[in-house]
2 protein chains.
Amino acid sequence: MTPMPRTAQELARRIDQTNLNPQATAEEIIHFTETAIKYDFLTISVMPGWIPLINKTFPNSPIIIDPAIGFPLGTVTTEQKVRETLWVLNHLPSNAEIDMVMNIPMLKSRQYKQVIDDISRVVSAAKGHTVKVIIEAPILNPDEIIIASLLCQKAGAHFVKTSTGFNHFRGWRPSTPEDVQLIRSAVGDQMQIKIAGGIKTLAQALDALDAGADRIGTAFGIQIMDEYHRFNS
Amino acid sequence: MTPMPRTAQELARRIDQTNLNPQATAEEIIHFTETAIKYDFLTISVMPGWIPLINKTFPNSPIIIDPAIGFPLGTVTTEQKVRETLWVLNHLPSNAEIDMVMNIPMLKSRQYKQVIDDISRVVSAAKGHTVKVIIEAPILNPDEIIIASLLCQKAGAHFVKTSTGFNHFRGWRPSTPEDVQLIRSAVGDQMQIKIAGGIKTLAQALDALDAGADRIGTAFGIQIMDEYHRFNS
C-alpha cells in the first residue's frame with residue numbers, strides 16, 4: 001500500500017485524470033491533455049482512438065497515457081481485447097498503462113476459467129506494462145467483489161480497479177472506500193487498487209486513499225487539486 | 001484432473017479410507033487399518049493420536065497415513081495447527097498426507113489474510129507433504145465455496161476438500177458433485193479436489209469422480225469396493 005500523499009505533487013501523482021466522454025471533441029481532448037500535463041497528473045485515461053492525436057499534439061509529453069480496453073462493458077471477445085492492447089502499445093511510449101474491463105457476465109455466470117483467460121491474455125499482450133482490471137464493483141455483491149479480485153490476482157494483473165465510472169446514468173452506485181477495503185482484504189499487499197467512479201471532491205479522494213486506494217481515477221482531478229491548494233495555502 | 005478409474009485397484013487408489021470416529025477403540029483402529037491395507041486403499045484418514053499405535057502395529061505397511069489437523073472445527077489457533085502438523089510428520093513416514101480444517105469463522109468474517117496465513121503456515125510446516133484443506137462446503141454459500149477454494153490455492157495447498165463429514169448429526173448436508181464442480185471452476189486444473197462427507201455408495205463415488213473429484217474420503221470404502229466387485233465379476 002502506498003503511503004498517504006503529503007504534498008500537492010504527491011496527490012497529483014496518485015491521480016489518473018480521466019476523459020472517457022463519448023462526446024468529447026478533438027479540441028476538448030487537446031485541452032484536457034494540456035491541462036493534465038500542467039497539473040502533473042500521473043496519467044491520462046482516454047479512449048484508444050485519441051492516442052494518435054495526443055502523440056502528435058504532445059510529442060514529448062512525460063504524462064503516461066492510460067487507455068481503456070474493452071470499455072465500457074467488458075463483453076467484447078478476449079481476441080478483441082488482445083488486439084486493442086497490441087494496437088495501443090504499438091502506438092504508445094514504454095510507460096503506457098492499460099485499463100481493461102473484466103467480462104462481468106462471465107463472472108456472474110461463474111465462467112471463472114474464461115474470466116482468468118480474458119485477463120491473463122491481455123496481461124501477456126501488455127508485456128510488463130501495468131494492467132488494471134475493472135471489476136465494476138457497483139453491480140457486484142460483496143462476495144463477487146472478493147471473487148473478482150482474487151481472479152484478477154490469479155491472472156497476473158497489477159491493479160484491481162473498482163468501476164468504469166461510466167454507468168452512473170443507469171443508476172449504478174459510485175465506488176466507495178468500503179469497496180477498496182473489501183478488495184484489499186482479498187488481494188493483500190501484493191496488488192494495487194484504483195478507485196474510480198464517483199470521486200469528485202478532495203474529501204472523497206482522501207477517504208479513498210485512507211481506505212487503501214493506491215490510485216484514483218476521476219474526471220475531477222483539477223477540481224480536487226484546486227480544492228487541495230485552497231486548503232493548503 | 002485424474003481420469004476415471006478402470007479397475008478395482010484404480011478405484012481403491014482414489015479412496016482415503018476414513019475412521020475419525022471419536023469413540024473408536026484401539027482394537028477398532030487396528031482392525032480398520034488391517035482391512036484398509038488388505039483393500040489397498042491409497043490412505044487411511046485417522047486422528048493424529050492413533051499414529052503411534054498404527055506405526056507400532058503395522059511397522060512396514062505401505063499405506064499412507066492421512067491425519068486430520070484442527071479437526072473437526074478448524075477454529076484452533078494457527079500455532080496449534082502448525083504444532084499438530086510438525087508432531088504428526090515427526091511420527092510418520094515420508095509419504096504422509098495432511099488434511100487440515102480451514103478456519104471457517106474467519107472465512108465468514110472476511111478475515112482472508114488470516115485464513116491464508118493459517119493454511120500457508122501449515123503448508124510450510126508440512127515441507128512438501130500433500131496438504132488438503134477442508135472448506136466445509138455444506139455450510140458455505142456458492143460464492144463462499146469459490147472464495148474458500150481460491151484462498152486455498154493462493155495459500156499453496158494441494159487439495160481443496162469439501163467437508164469434514166463430521167457434522168451430519170447437526171443436519172449439515174452431505175457433499176455433492178456440484179460442490180466439486182464449483183471448486184473446480186475456481187481452481188482450474190492446478191489443484192486436486194477431495195470429496196468427503198456423505199459418500200456411502202458406489203454410485204455416489206462414481207458420480208463424484210465423474211464431476212471431477214480426484215480423491216474420495218469415506219468411512220464406506222469397503223462397502224464401495226464390495227459393490228464394485230459385485231458389479232464387475
# chains A, B, ... in the order shown; residues from 1 in each chain; ligands from 1
>>> interface_residues(of="chain A", to="chain B", cutoff="12 Å", atoms="only C-alpha atoms", output="JSON, numbers by chain")
{"A": [106, 107, 108, 109, 110, 111, 112, 113, 114, 115, 116, 117, 140, 141, 142, 143, 144, 145, 146, 147, 148, 149, 150, 151, 152, 153, 154, 155, 181, 182, 183, 184, 185, 186, 187, 188, 189, 190]}
>>> write_last_selection(atoms="N, CA, C and O atoms", output="short mmCIF file (atom, residue, chain, number, x, y, z; two decimals), in the first residue's frame")
data_model
loop_
_atom_site.label_atom_id
_atom_site.label_comp_id
_atom_site.auth_asym_id
_atom_site.auth_seq_id
_atom_site.Cartn_x
_atom_site.Cartn_y
_atom_site.Cartn_z
N MET A 106 -19.50 -13.08 -17.61
CA MET A 106 -18.83 -14.37 -17.37
C MET A 106 -18.57 -14.58 -15.88
O MET A 106 -18.70 -15.69 -15.38
N LEU A 107 -18.20 -13.50 -15.19
CA LEU A 107 -18.02 -13.61 -13.73
C LEU A 107 -19.33 -14.03 -13.08
O LEU A 107 -19.36 -14.97 -12.28
N LYS A 108 -20.41 -13.35 -13.46
CA LYS A 108 -21.73 -13.64 -12.87
C LYS A 108 -22.18 -15.06 -13.22
O LYS A 108 -22.95 -15.66 -12.49
N SER A 109 -21.71 -15.58 -14.36
CA SER A 109 -22.08 -16.93 -14.79
C SER A 109 -21.14 -17.99 -14.24
O SER A 109 -21.24 -19.15 -14.61
N ARG A 110 -20.19 -17.55 -13.38
CA ARG A 110 -19.19 -18.48 -12.80
C ARG A 110 -18.32 -19.14 -13.87
O ARG A 110 -17.87 -20.27 -13.71
N GLN A 111 -18.09 -18.44 -14.98
CA GLN A 111 -17.16 -18.95 -16.00
C GLN A 111 -15.76 -18.45 -15.65
O GLN A 111 -15.16 -17.65 -16.37
N TYR A 112 -15.27 -18.92 -14.51
CA TYR A 112 -14.05 -18.33 -13.95
C TYR A 112 -12.83 -18.56 -14.83
O TYR A 112 -11.96 -17.71 -14.93
N LYS A 113 -12.78 -19.74 -15.45
CA LYS A 113 -11.63 -20.03 -16.32
C LYS A 113 -11.56 -18.99 -17.44
O LYS A 113 -10.50 -18.46 -17.75
N GLN A 114 -12.72 -18.69 -18.03
CA GLN A 114 -12.76 -17.71 -19.11
C GLN A 114 -12.42 -16.30 -18.60
O GLN A 114 -11.74 -15.54 -19.30
N VAL A 115 -12.90 -15.97 -17.42
CA VAL A 115 -12.58 -14.65 -16.85
C VAL A 115 -11.06 -14.51 -16.69
O VAL A 115 -10.47 -13.49 -17.05
N ILE A 116 -10.44 -15.56 -16.16
CA ILE A 116 -8.98 -15.53 -15.94
C ILE A 116 -8.26 -15.47 -17.28
O ILE A 116 -7.32 -14.68 -17.45
N ASP A 117 -8.66 -16.30 -18.24
CA ASP A 117 -8.01 -16.29 -19.56
C ASP A 117 -8.11 -14.91 -20.20
O ASP A 117 -7.15 -14.41 -20.79
N LEU A 140 -21.73 -5.66 -8.31
CA LEU A 140 -21.38 -6.95 -7.71
C LEU A 140 -21.81 -6.96 -6.24
O LEU A 140 -21.84 -5.91 -5.59
N ASN A 141 -22.10 -8.14 -5.70
CA ASN A 141 -22.29 -8.23 -4.25
C ASN A 141 -20.92 -8.39 -3.59
O ASN A 141 -19.92 -8.61 -4.29
N PRO A 142 -20.83 -8.25 -2.27
CA PRO A 142 -19.50 -8.31 -1.62
C PRO A 142 -18.72 -9.58 -1.96
O PRO A 142 -17.52 -9.52 -2.23
N ASP A 143 -19.38 -10.74 -1.97
CA ASP A 143 -18.66 -11.98 -2.29
C ASP A 143 -18.15 -11.94 -3.73
O ASP A 143 -17.05 -12.42 -4.02
N GLU A 144 -18.93 -11.39 -4.64
CA GLU A 144 -18.48 -11.30 -6.04
C GLU A 144 -17.29 -10.35 -6.17
O GLU A 144 -16.40 -10.56 -7.00
N ILE A 145 -17.26 -9.30 -5.37
CA ILE A 145 -16.11 -8.38 -5.37
C ILE A 145 -14.85 -9.14 -4.95
O ILE A 145 -13.78 -9.00 -5.56
N ILE A 146 -14.99 -9.96 -3.91
CA ILE A 146 -13.85 -10.77 -3.44
C ILE A 146 -13.40 -11.73 -4.53
O ILE A 146 -12.21 -11.84 -4.85
N ILE A 147 -14.35 -12.45 -5.12
CA ILE A 147 -14.01 -13.43 -6.16
C ILE A 147 -13.34 -12.73 -7.33
O ILE A 147 -12.29 -13.15 -7.81
N ALA A 148 -13.93 -11.63 -7.79
CA ALA A 148 -13.36 -10.90 -8.93
C ALA A 148 -11.93 -10.46 -8.64
O ALA A 148 -11.04 -10.58 -9.48
N SER A 149 -11.70 -9.98 -7.43
CA SER A 149 -10.36 -9.50 -7.06
C SER A 149 -9.36 -10.66 -7.06
O SER A 149 -8.23 -10.52 -7.57
N LEU A 150 -9.77 -11.78 -6.50
CA LEU A 150 -8.87 -12.94 -6.46
C LEU A 150 -8.57 -13.45 -7.87
O LEU A 150 -7.45 -13.88 -8.16
N LEU A 151 -9.56 -13.37 -8.76
CA LEU A 151 -9.33 -13.80 -10.14
C LEU A 151 -8.35 -12.86 -10.84
O LEU A 151 -7.47 -13.31 -11.59
N CYS A 152 -8.48 -11.55 -10.61
CA CYS A 152 -7.52 -10.58 -11.19
C CYS A 152 -6.11 -10.93 -10.74
O CYS A 152 -5.16 -10.92 -11.54
N GLN A 153 -5.98 -11.23 -9.46
CA GLN A 153 -4.66 -11.54 -8.91
C GLN A 153 -4.12 -12.84 -9.52
O GLN A 153 -2.97 -12.91 -9.95
N LYS A 154 -4.98 -13.84 -9.60
CA LYS A 154 -4.59 -15.12 -10.16
C LYS A 154 -4.16 -14.97 -11.62
O LYS A 154 -3.28 -15.68 -12.10
N ALA A 155 -4.79 -14.03 -12.33
CA ALA A 155 -4.49 -13.85 -13.75
C ALA A 155 -3.25 -12.99 -13.99
O ALA A 155 -2.86 -12.78 -15.13
N GLN A 181 -11.59 -1.43 0.66
CA GLN A 181 -11.23 -2.29 1.79
C GLN A 181 -11.53 -3.76 1.51
O GLN A 181 -10.76 -4.65 1.87
N LEU A 182 -12.66 -4.00 0.83
CA LEU A 182 -13.04 -5.37 0.50
C LEU A 182 -12.02 -5.98 -0.46
O LEU A 182 -11.57 -7.11 -0.29
N ILE A 183 -11.66 -5.21 -1.48
CA ILE A 183 -10.67 -5.68 -2.45
C ILE A 183 -9.34 -5.95 -1.74
O ILE A 183 -8.70 -6.98 -1.96
N ARG A 184 -8.95 -5.01 -0.87
CA ARG A 184 -7.67 -5.18 -0.15
C ARG A 184 -7.70 -6.46 0.69
O ARG A 184 -6.70 -7.17 0.79
N SER A 185 -8.85 -6.75 1.31
CA SER A 185 -8.92 -7.95 2.15
C SER A 185 -8.70 -9.21 1.32
O SER A 185 -8.26 -10.23 1.83
N ALA A 186 -9.02 -9.14 0.03
CA ALA A 186 -8.84 -10.30 -0.85
C ALA A 186 -7.42 -10.40 -1.39
O ALA A 186 -6.84 -11.47 -1.41
N VAL A 187 -6.85 -9.29 -1.84
CA VAL A 187 -5.59 -9.37 -2.59
C VAL A 187 -4.37 -9.13 -1.73
O VAL A 187 -3.25 -9.38 -2.16
N GLY A 188 -4.56 -8.63 -0.49
CA GLY A 188 -3.41 -8.36 0.36
C GLY A 188 -2.58 -7.21 -0.17
O GLY A 188 -3.10 -6.34 -0.87
N ASP A 189 -1.29 -7.22 0.15
CA ASP A 189 -0.43 -6.08 -0.20
C ASP A 189 0.26 -6.25 -1.54
O ASP A 189 1.00 -5.37 -1.97
N GLN A 190 0.02 -7.39 -2.22
CA GLN A 190 0.78 -7.63 -3.45
C GLN A 190 0.19 -6.95 -4.69
O GLN A 190 0.83 -6.90 -5.73
#
>>> residues_around(residues="segment 120-130 of chain A", least_positions_apart="3", cutoff="9 Å", atoms="only C-alpha atoms", output="list in words")
Thr78, Glu79, Lys81, Val82, Arg83, Thr85, Leu86, Leu89, Ser94, Asn95, Ala96, Glu97, Ile98, Asp99, Met100, Val115, Ile116, Asp117, Cys152, Lys154, Ala155, Gly156, Ala157, His158 and Phe159 of chain A
>>> calpha_fit_and_write(fixed="chain B", moving="chain A", output="tab-separated table (two decimals) with C-alpha atoms, in the first residue's frame")
chain	number	residue	atom	x	y	z
A	1	MET	CA	-7.91	-33.91	-13.26
A	2	THR	CA	-7.37	-37.61	-12.75
A	3	PRO	CA	-9.05	-39.91	-15.33
A	4	MET	CA	-11.88	-42.22	-14.26
A	5	PRO	CA	-10.70	-45.47	-12.65
A	6	ARG	CA	-10.98	-48.51	-14.94
A	7	THR	CA	-10.16	-51.25	-12.45
A	8	ALA	CA	-10.89	-52.11	-8.82
A	9	GLN	CA	-7.33	-51.24	-7.94
A	10	GLU	CA	-7.56	-47.84	-9.61
A	11	LEU	CA	-10.75	-47.14	-7.66
A	12	ALA	CA	-9.19	-48.19	-4.33
A	13	ARG	CA	-6.23	-45.89	-5.03
A	14	ARG	CA	-8.62	-42.94	-5.17
A	15	ILE	CA	-10.01	-43.59	-1.70
A	16	ASP	CA	-8.92	-42.16	1.65
A	17	GLN	CA	-10.48	-44.78	3.93
A	18	THR	CA	-11.58	-42.88	6.99
A	19	ASN	CA	-12.15	-43.50	10.66
A	20	LEU	CA	-12.43	-40.25	12.58
A	21	ASN	CA	-14.97	-41.66	15.00
A	22	PRO	CA	-14.24	-40.12	18.42
A	23	GLN	CA	-15.50	-43.32	20.07
A	24	ALA	CA	-13.22	-45.68	18.13
A	25	THR	CA	-11.20	-48.06	20.33
A	26	ALA	CA	-7.60	-49.15	19.76
A	27	GLU	CA	-8.92	-52.55	18.72
A	28	GLU	CA	-11.21	-50.98	16.13
A	29	ILE	CA	-8.40	-48.82	14.74
A	30	ILE	CA	-6.18	-51.87	14.37
A	31	HIS	CA	-8.94	-53.80	12.58
A	32	PHE	CA	-9.71	-50.72	10.44
A	33	THR	CA	-6.07	-50.35	9.40
A	34	GLU	CA	-5.61	-54.04	8.70
A	35	THR	CA	-8.68	-54.11	6.44
A	36	ALA	CA	-7.66	-50.88	4.68
A	37	ILE	CA	-4.25	-52.39	3.88
A	38	LYS	CA	-5.94	-55.54	2.58
A	39	TYR	CA	-8.24	-53.48	0.33
A	40	ASP	CA	-5.22	-51.49	-0.92
A	41	PHE	CA	-6.76	-48.07	-0.27
A	42	LEU	CA	-4.42	-45.19	-1.02
A	43	THR	CA	-4.56	-43.75	2.52
A	44	ILE	CA	-6.17	-44.08	5.91
A	45	SER	CA	-7.53	-40.92	7.50
A	46	VAL	CA	-7.37	-41.03	11.29
A	47	MET	CA	-6.99	-38.74	14.28
A	48	PRO	CA	-3.31	-37.92	14.97
A	49	GLY	CA	-3.41	-39.63	18.36
A	50	TRP	CA	-3.60	-43.06	16.71
A	51	ILE	CA	-0.37	-42.68	14.73
A	52	PRO	CA	1.97	-44.32	17.31
A	53	LEU	CA	-0.37	-47.33	17.62
A	54	ILE	CA	-0.59	-47.77	13.84
A	55	ASN	CA	3.18	-47.37	13.44
A	56	LYS	CA	3.82	-49.97	16.12
A	57	THR	CA	1.22	-52.46	14.90
A	58	PHE	CA	1.96	-52.14	11.16
A	59	PRO	CA	5.64	-51.10	11.09
A	60	ASN	CA	6.26	-51.79	7.40
A	61	SER	CA	2.83	-51.02	5.96
A	62	PRO	CA	2.87	-49.23	2.59
A	63	ILE	CA	-0.46	-47.46	3.28
A	64	ILE	CA	-0.25	-43.68	3.53
A	65	ILE	CA	-1.41	-42.20	6.83
A	66	ASP	CA	-3.49	-39.08	6.48
A	67	PRO	CA	-4.19	-37.44	9.84
A	68	ALA	CA	-6.79	-34.70	10.34
A	69	ILE	CA	-5.39	-31.43	11.71
A	70	GLY	CA	-7.51	-28.84	13.53
A	71	PHE	CA	-10.34	-31.35	13.34
A	72	PRO	CA	-13.29	-31.06	13.39
A	73	LEU	CA	-13.94	-27.30	13.72
A	74	GLY	CA	-10.85	-25.64	12.29
A	75	THR	CA	-11.08	-22.96	14.94
A	76	VAL	CA	-7.96	-23.80	16.96
A	77	THR	CA	-5.12	-21.33	16.52
A	78	THR	CA	-2.71	-21.45	13.61
A	79	GLU	CA	0.04	-22.09	16.12
A	80	GLN	CA	-1.83	-25.19	17.25
A	81	LYS	CA	-2.32	-26.42	13.68
A	82	VAL	CA	1.38	-25.93	12.97
A	83	ARG	CA	2.34	-27.84	16.12
A	84	GLU	CA	-0.02	-30.70	15.23
A	85	THR	CA	1.48	-30.81	11.73
A	86	LEU	CA	5.06	-30.88	13.00
A	87	TRP	CA	4.17	-33.55	15.53
A	88	VAL	CA	2.51	-35.89	13.05
A	89	LEU	CA	5.26	-35.50	10.46
A	90	ASN	CA	7.75	-36.29	13.17
A	91	HIS	CA	5.91	-39.57	13.72
A	92	LEU	CA	5.09	-40.50	10.14
A	93	PRO	CA	6.95	-41.87	7.13
A	94	SER	CA	7.80	-39.61	4.21
A	95	ASN	CA	4.63	-40.32	2.24
A	96	ALA	CA	2.20	-38.96	4.85
A	97	GLU	CA	-0.54	-36.54	3.83
A	98	ILE	CA	-2.17	-33.80	5.91
A	99	ASP	CA	-5.89	-32.93	6.00
A	100	MET	CA	-6.48	-29.63	7.79
A	101	VAL	CA	-9.70	-27.79	8.52
A	102	MET	CA	-9.88	-24.18	7.33
A	103	ASN	CA	-10.78	-21.58	9.93
A	104	ILE	CA	-14.39	-21.22	8.76
A	105	PRO	CA	-15.45	-18.39	11.11
A	106	MET	CA	-12.52	-16.32	9.81
A	107	LEU	CA	-13.66	-17.03	6.24
A	108	LYS	CA	-17.21	-15.99	7.13
A	109	SER	CA	-15.80	-12.84	8.81
A	110	ARG	CA	-13.81	-11.97	5.65
A	111	GLN	CA	-10.51	-12.25	7.56
A	112	TYR	CA	-8.94	-13.52	4.38
A	113	LYS	CA	-5.36	-12.66	5.30
A	114	GLN	CA	-5.69	-14.78	8.44
A	115	VAL	CA	-7.34	-17.63	6.52
A	116	ILE	CA	-4.44	-17.66	4.05
A	117	ASP	CA	-1.79	-17.41	6.80
A	118	ASP	CA	-3.45	-20.27	8.67
A	119	ILE	CA	-3.16	-22.52	5.60
A	120	SER	CA	0.21	-21.37	4.31
A	121	ARG	CA	1.87	-21.87	7.68
A	122	VAL	CA	0.63	-25.47	7.76
A	123	VAL	CA	1.75	-25.95	4.13
A	124	SER	CA	5.13	-24.59	5.08
A	125	ALA	CA	5.36	-26.84	8.18
A	126	ALA	CA	4.35	-29.81	6.00
A	127	LYS	CA	7.55	-29.34	3.94
A	128	GLY	CA	6.22	-30.65	0.62
A	129	HIS	CA	3.80	-33.21	2.00
A	130	THR	CA	0.38	-33.06	0.37
A	131	VAL	CA	-1.93	-30.71	2.28
A	132	LYS	CA	-5.70	-30.94	1.81
A	133	VAL	CA	-7.77	-28.06	3.15
A	134	ILE	CA	-11.29	-28.79	4.31
A	135	ILE	CA	-13.55	-25.85	3.49
A	136	GLU	CA	-16.79	-27.32	4.94
A	137	ALA	CA	-18.81	-26.55	1.81
A	138	PRO	CA	-22.11	-27.73	3.40
A	139	ILE	CA	-22.22	-24.55	5.48
A	140	LEU	CA	-20.96	-22.19	2.77
A	141	ASN	CA	-22.95	-20.50	0.03
A	142	PRO	CA	-21.72	-20.97	-3.57
A	143	ASP	CA	-19.74	-17.70	-3.57
A	144	GLU	CA	-18.09	-18.64	-0.28
A	145	ILE	CA	-17.12	-22.02	-1.76
A	146	ILE	CA	-15.43	-20.18	-4.64
A	147	ILE	CA	-13.66	-17.75	-2.30
A	148	ALA	CA	-12.52	-20.53	0.04
A	149	SER	CA	-11.15	-22.53	-2.89
A	150	LEU	CA	-9.26	-19.56	-4.30
A	151	LEU	CA	-7.78	-18.85	-0.86
A	152	CYS	CA	-6.60	-22.49	-0.55
A	153	GLN	CA	-4.92	-22.16	-3.92
A	154	LYS	CA	-3.37	-18.81	-3.05
A	155	ALA	CA	-2.01	-20.29	0.19
A	156	GLY	CA	-0.23	-23.08	-1.70
A	157	ALA	CA	-2.32	-26.08	-0.61
A	158	HIS	CA	-2.51	-29.13	-2.87
A	159	PHE	CA	-6.15	-30.15	-2.42
A	160	VAL	CA	-9.46	-28.49	-1.66
A	161	LYS	CA	-11.52	-30.93	0.39
A	162	THR	CA	-15.26	-30.41	0.54
A	163	SER	CA	-16.15	-31.31	4.12
A	164	THR	CA	-15.12	-32.86	7.40
A	165	GLY	CA	-18.09	-35.20	7.02
A	166	PHE	CA	-18.31	-34.84	10.75
A	167	ASN	CA	-21.36	-32.67	11.15
A	168	HIS	CA	-24.18	-34.68	9.64
A	169	PHE	CA	-25.57	-35.11	13.14
A	170	ARG	CA	-26.14	-31.34	13.18
A	171	GLY	CA	-28.14	-31.65	9.99
A	172	TRP	CA	-25.46	-30.25	7.68
A	173	ARG	CA	-25.97	-31.56	4.16
A	174	PRO	CA	-23.59	-34.07	2.54
A	175	SER	CA	-21.04	-33.05	-0.10
A	176	THR	CA	-22.27	-33.18	-3.69
A	177	PRO	CA	-20.86	-33.44	-7.23
A	178	GLU	CA	-21.99	-29.80	-7.61
A	179	ASP	CA	-19.58	-28.83	-4.81
A	180	VAL	CA	-16.77	-30.50	-6.76
A	181	GLN	CA	-17.73	-28.69	-9.97
A	182	LEU	CA	-17.90	-25.34	-8.19
A	183	ILE	CA	-14.47	-25.84	-6.64
A	184	ARG	CA	-13.07	-26.94	-10.00
A	185	SER	CA	-14.44	-23.80	-11.66
A	186	ALA	CA	-12.42	-21.75	-9.16
A	187	VAL	CA	-9.10	-23.60	-9.01
A	188	GLY	CA	-8.82	-24.96	-12.56
A	189	ASP	CA	-6.61	-27.95	-13.25
A	190	GLN	CA	-3.72	-26.98	-10.99
A	191	MET	CA	-5.24	-28.30	-7.76
A	192	GLN	CA	-6.80	-31.58	-6.76
A	193	ILE	CA	-10.20	-31.98	-5.13
A	194	LYS	CA	-11.23	-34.43	-2.41
A	195	ILE	CA	-14.90	-35.02	-1.82
A	196	ALA	CA	-15.76	-36.18	1.68
A	197	GLY	CA	-18.94	-36.26	3.72
A	198	GLY	CA	-21.84	-38.46	2.72
A	199	ILE	CA	-20.18	-40.68	0.09
A	200	LYS	CA	-21.49	-44.10	1.06
A	201	THR	CA	-22.26	-45.97	-2.17
A	202	LEU	CA	-20.50	-46.89	-5.41
A	203	ALA	CA	-22.95	-44.72	-7.36
A	204	GLN	CA	-22.11	-41.69	-5.21
A	205	ALA	CA	-18.40	-42.39	-5.56
A	206	LEU	CA	-18.61	-42.67	-9.34
A	207	ASP	CA	-20.76	-39.52	-9.59
A	208	ALA	CA	-18.17	-37.64	-7.55
A	209	LEU	CA	-15.28	-38.87	-9.70
A	210	ASP	CA	-17.26	-38.06	-12.82
A	211	ALA	CA	-17.78	-34.51	-11.52
A	212	GLY	CA	-14.00	-34.15	-11.28
A	213	ALA	CA	-13.09	-35.34	-7.79
A	214	ASP	CA	-9.52	-36.64	-7.62
A	215	ARG	CA	-9.96	-38.33	-4.26
A	216	ILE	CA	-12.81	-39.67	-2.13
A	217	GLY	CA	-12.80	-39.56	1.64
A	218	THR	CA	-15.24	-42.06	3.11
A	219	ALA	CA	-15.82	-44.41	6.01
A	220	PHE	CA	-17.55	-46.69	3.49
A	221	GLY	CA	-14.59	-47.68	1.32
A	222	ILE	CA	-15.11	-51.38	1.93
A	223	GLN	CA	-18.82	-51.28	1.07
A	224	ILE	CA	-17.99	-49.28	-2.07
A	225	MET	CA	-15.31	-51.77	-3.17
A	226	ASP	CA	-17.57	-54.74	-2.40
A	227	GLU	CA	-20.29	-53.15	-4.52
A	228	TYR	CA	-17.78	-52.60	-7.29
A	229	HIS	CA	-16.75	-56.27	-7.26
A	230	ARG	CA	-20.38	-57.37	-7.27
A	231	PHE	CA	-21.00	-55.37	-10.47
A	232	ASN	CA	-17.70	-56.29	-12.10
A	233	SER	CA	-17.33	-60.02	-11.61
>>> select_by_dssp(residues="segment 152-209 of chain B", states="helix (DSSP H, G or I)", output="compact mmCIF listing (two decimals) with C-alpha atoms, in the first residue's frame")
# COMPACT_ATOMS: atom_id res chain seq x y z
CA CYS B 152 -6.61 -22.48 -0.54
CA GLN B 153 -4.93 -22.14 -3.91
CA LYS B 154 -3.37 -18.80 -3.05
CA HIS B 168 -24.18 -34.67 9.63
CA PHE B 169 -25.59 -35.09 13.14
CA ARG B 170 -26.15 -31.32 13.17
CA PRO B 177 -20.87 -33.43 -7.22
CA GLU B 178 -21.99 -29.79 -7.60
CA ASP B 179 -19.57 -28.82 -4.81
CA VAL B 180 -16.78 -30.49 -6.76
CA GLN B 181 -17.73 -28.69 -9.96
CA LEU B 182 -17.90 -25.33 -8.19
CA ILE B 183 -14.47 -25.83 -6.63
CA ARG B 184 -13.07 -26.95 -9.99
CA SER B 185 -14.45 -23.83 -11.66
CA ALA B 186 -12.43 -21.76 -9.17
CA VAL B 187 -9.11 -23.60 -9.01
CA LEU B 202 -20.50 -46.91 -5.40
CA ALA B 203 -22.94 -44.72 -7.37
CA GLN B 204 -22.11 -41.69 -5.20
CA ALA B 205 -18.40 -42.38 -5.56
CA LEU B 206 -18.60 -42.66 -9.35
CA ASP B 207 -20.75 -39.53 -9.58
CA ALA B 208 -18.15 -37.63 -7.55
CA LEU B 209 -15.28 -38.88 -9.71
>>> select_by_dssp(residues="segment 16-141 of chain B", states="strand (DSSP E)", output="ChimeraX atom specification")
/B:16-19,43-46,64-65,68-69,98-101,131-134
>>> decode(residues="segment 170-178 of chain B", atoms="N, CA, C and O atoms", output="mmCIF file, in the first residue's frame")
data_model
loop_
_atom_site.group_PDB
_atom_site.id
_atom_site.type_symbol
_atom_site.label_atom_id
_atom_site.label_comp_id
_atom_site.auth_asym_id
_atom_site.auth_seq_id
_atom_site.Cartn_x
_atom_site.Cartn_y
_atom_site.Cartn_z
ATOM 1 N N ARG B 170 -25.559 -32.653 12.983
ATOM 2 C CA ARG B 170 -26.150 -31.321 13.167
ATOM 3 C C ARG B 170 -27.099 -30.972 12.025
ATOM 4 O O ARG B 170 -27.582 -29.847 11.941
ATOM 5 N N GLY B 171 -27.237 -31.888 11.086
ATOM 6 C CA GLY B 171 -28.149 -31.624 9.982
ATOM 7 C C GLY B 171 -27.471 -30.944 8.809
ATOM 8 O O GLY B 171 -28.152 -30.519 7.878
ATOM 9 N N TRP B 172 -26.123 -30.808 8.848
ATOM 10 C CA TRP B 172 -25.453 -30.230 7.686
ATOM 11 C C TRP B 172 -25.545 -31.217 6.527
ATOM 12 O O TRP B 172 -25.409 -32.424 6.705
ATOM 13 N N ARG B 173 -25.760 -30.699 5.335
ATOM 14 C CA ARG B 173 -25.975 -31.543 4.165
ATOM 15 C C ARG B 173 -24.689 -32.302 3.800
ATOM 16 O O ARG B 173 -23.593 -31.888 4.159
ATOM 17 N N PRO B 174 -24.805 -33.391 3.026
ATOM 18 C CA PRO B 174 -23.592 -34.060 2.528
ATOM 19 C C PRO B 174 -22.940 -33.249 1.412
ATOM 20 O O PRO B 174 -23.531 -32.298 0.888
ATOM 21 N N SER B 175 -21.712 -33.618 1.063
ATOM 22 C CA SER B 175 -21.036 -33.024 -0.096
ATOM 23 C C SER B 175 -21.654 -33.576 -1.369
ATOM 24 O O SER B 175 -22.139 -34.704 -1.394
ATOM 25 N N THR B 176 -21.617 -32.783 -2.431
ATOM 26 C CA THR B 176 -22.271 -33.171 -3.680
ATOM 27 C C THR B 176 -21.321 -33.007 -4.871
ATOM 28 O O THR B 176 -20.325 -32.273 -4.786
ATOM 29 N N PRO B 177 -21.643 -33.666 -5.994
ATOM 30 C CA PRO B 177 -20.870 -33.432 -7.225
ATOM 31 C C PRO B 177 -20.862 -31.946 -7.611
ATOM 32 O O PRO B 177 -19.876 -31.458 -8.158
ATOM 33 N N GLU B 178 -21.938 -31.223 -7.285
ATOM 34 C CA GLU B 178 -21.987 -29.789 -7.600
ATOM 35 C C GLU B 178 -20.919 -29.021 -6.812
ATOM 36 O O GLU B 178 -20.340 -28.063 -7.320
#
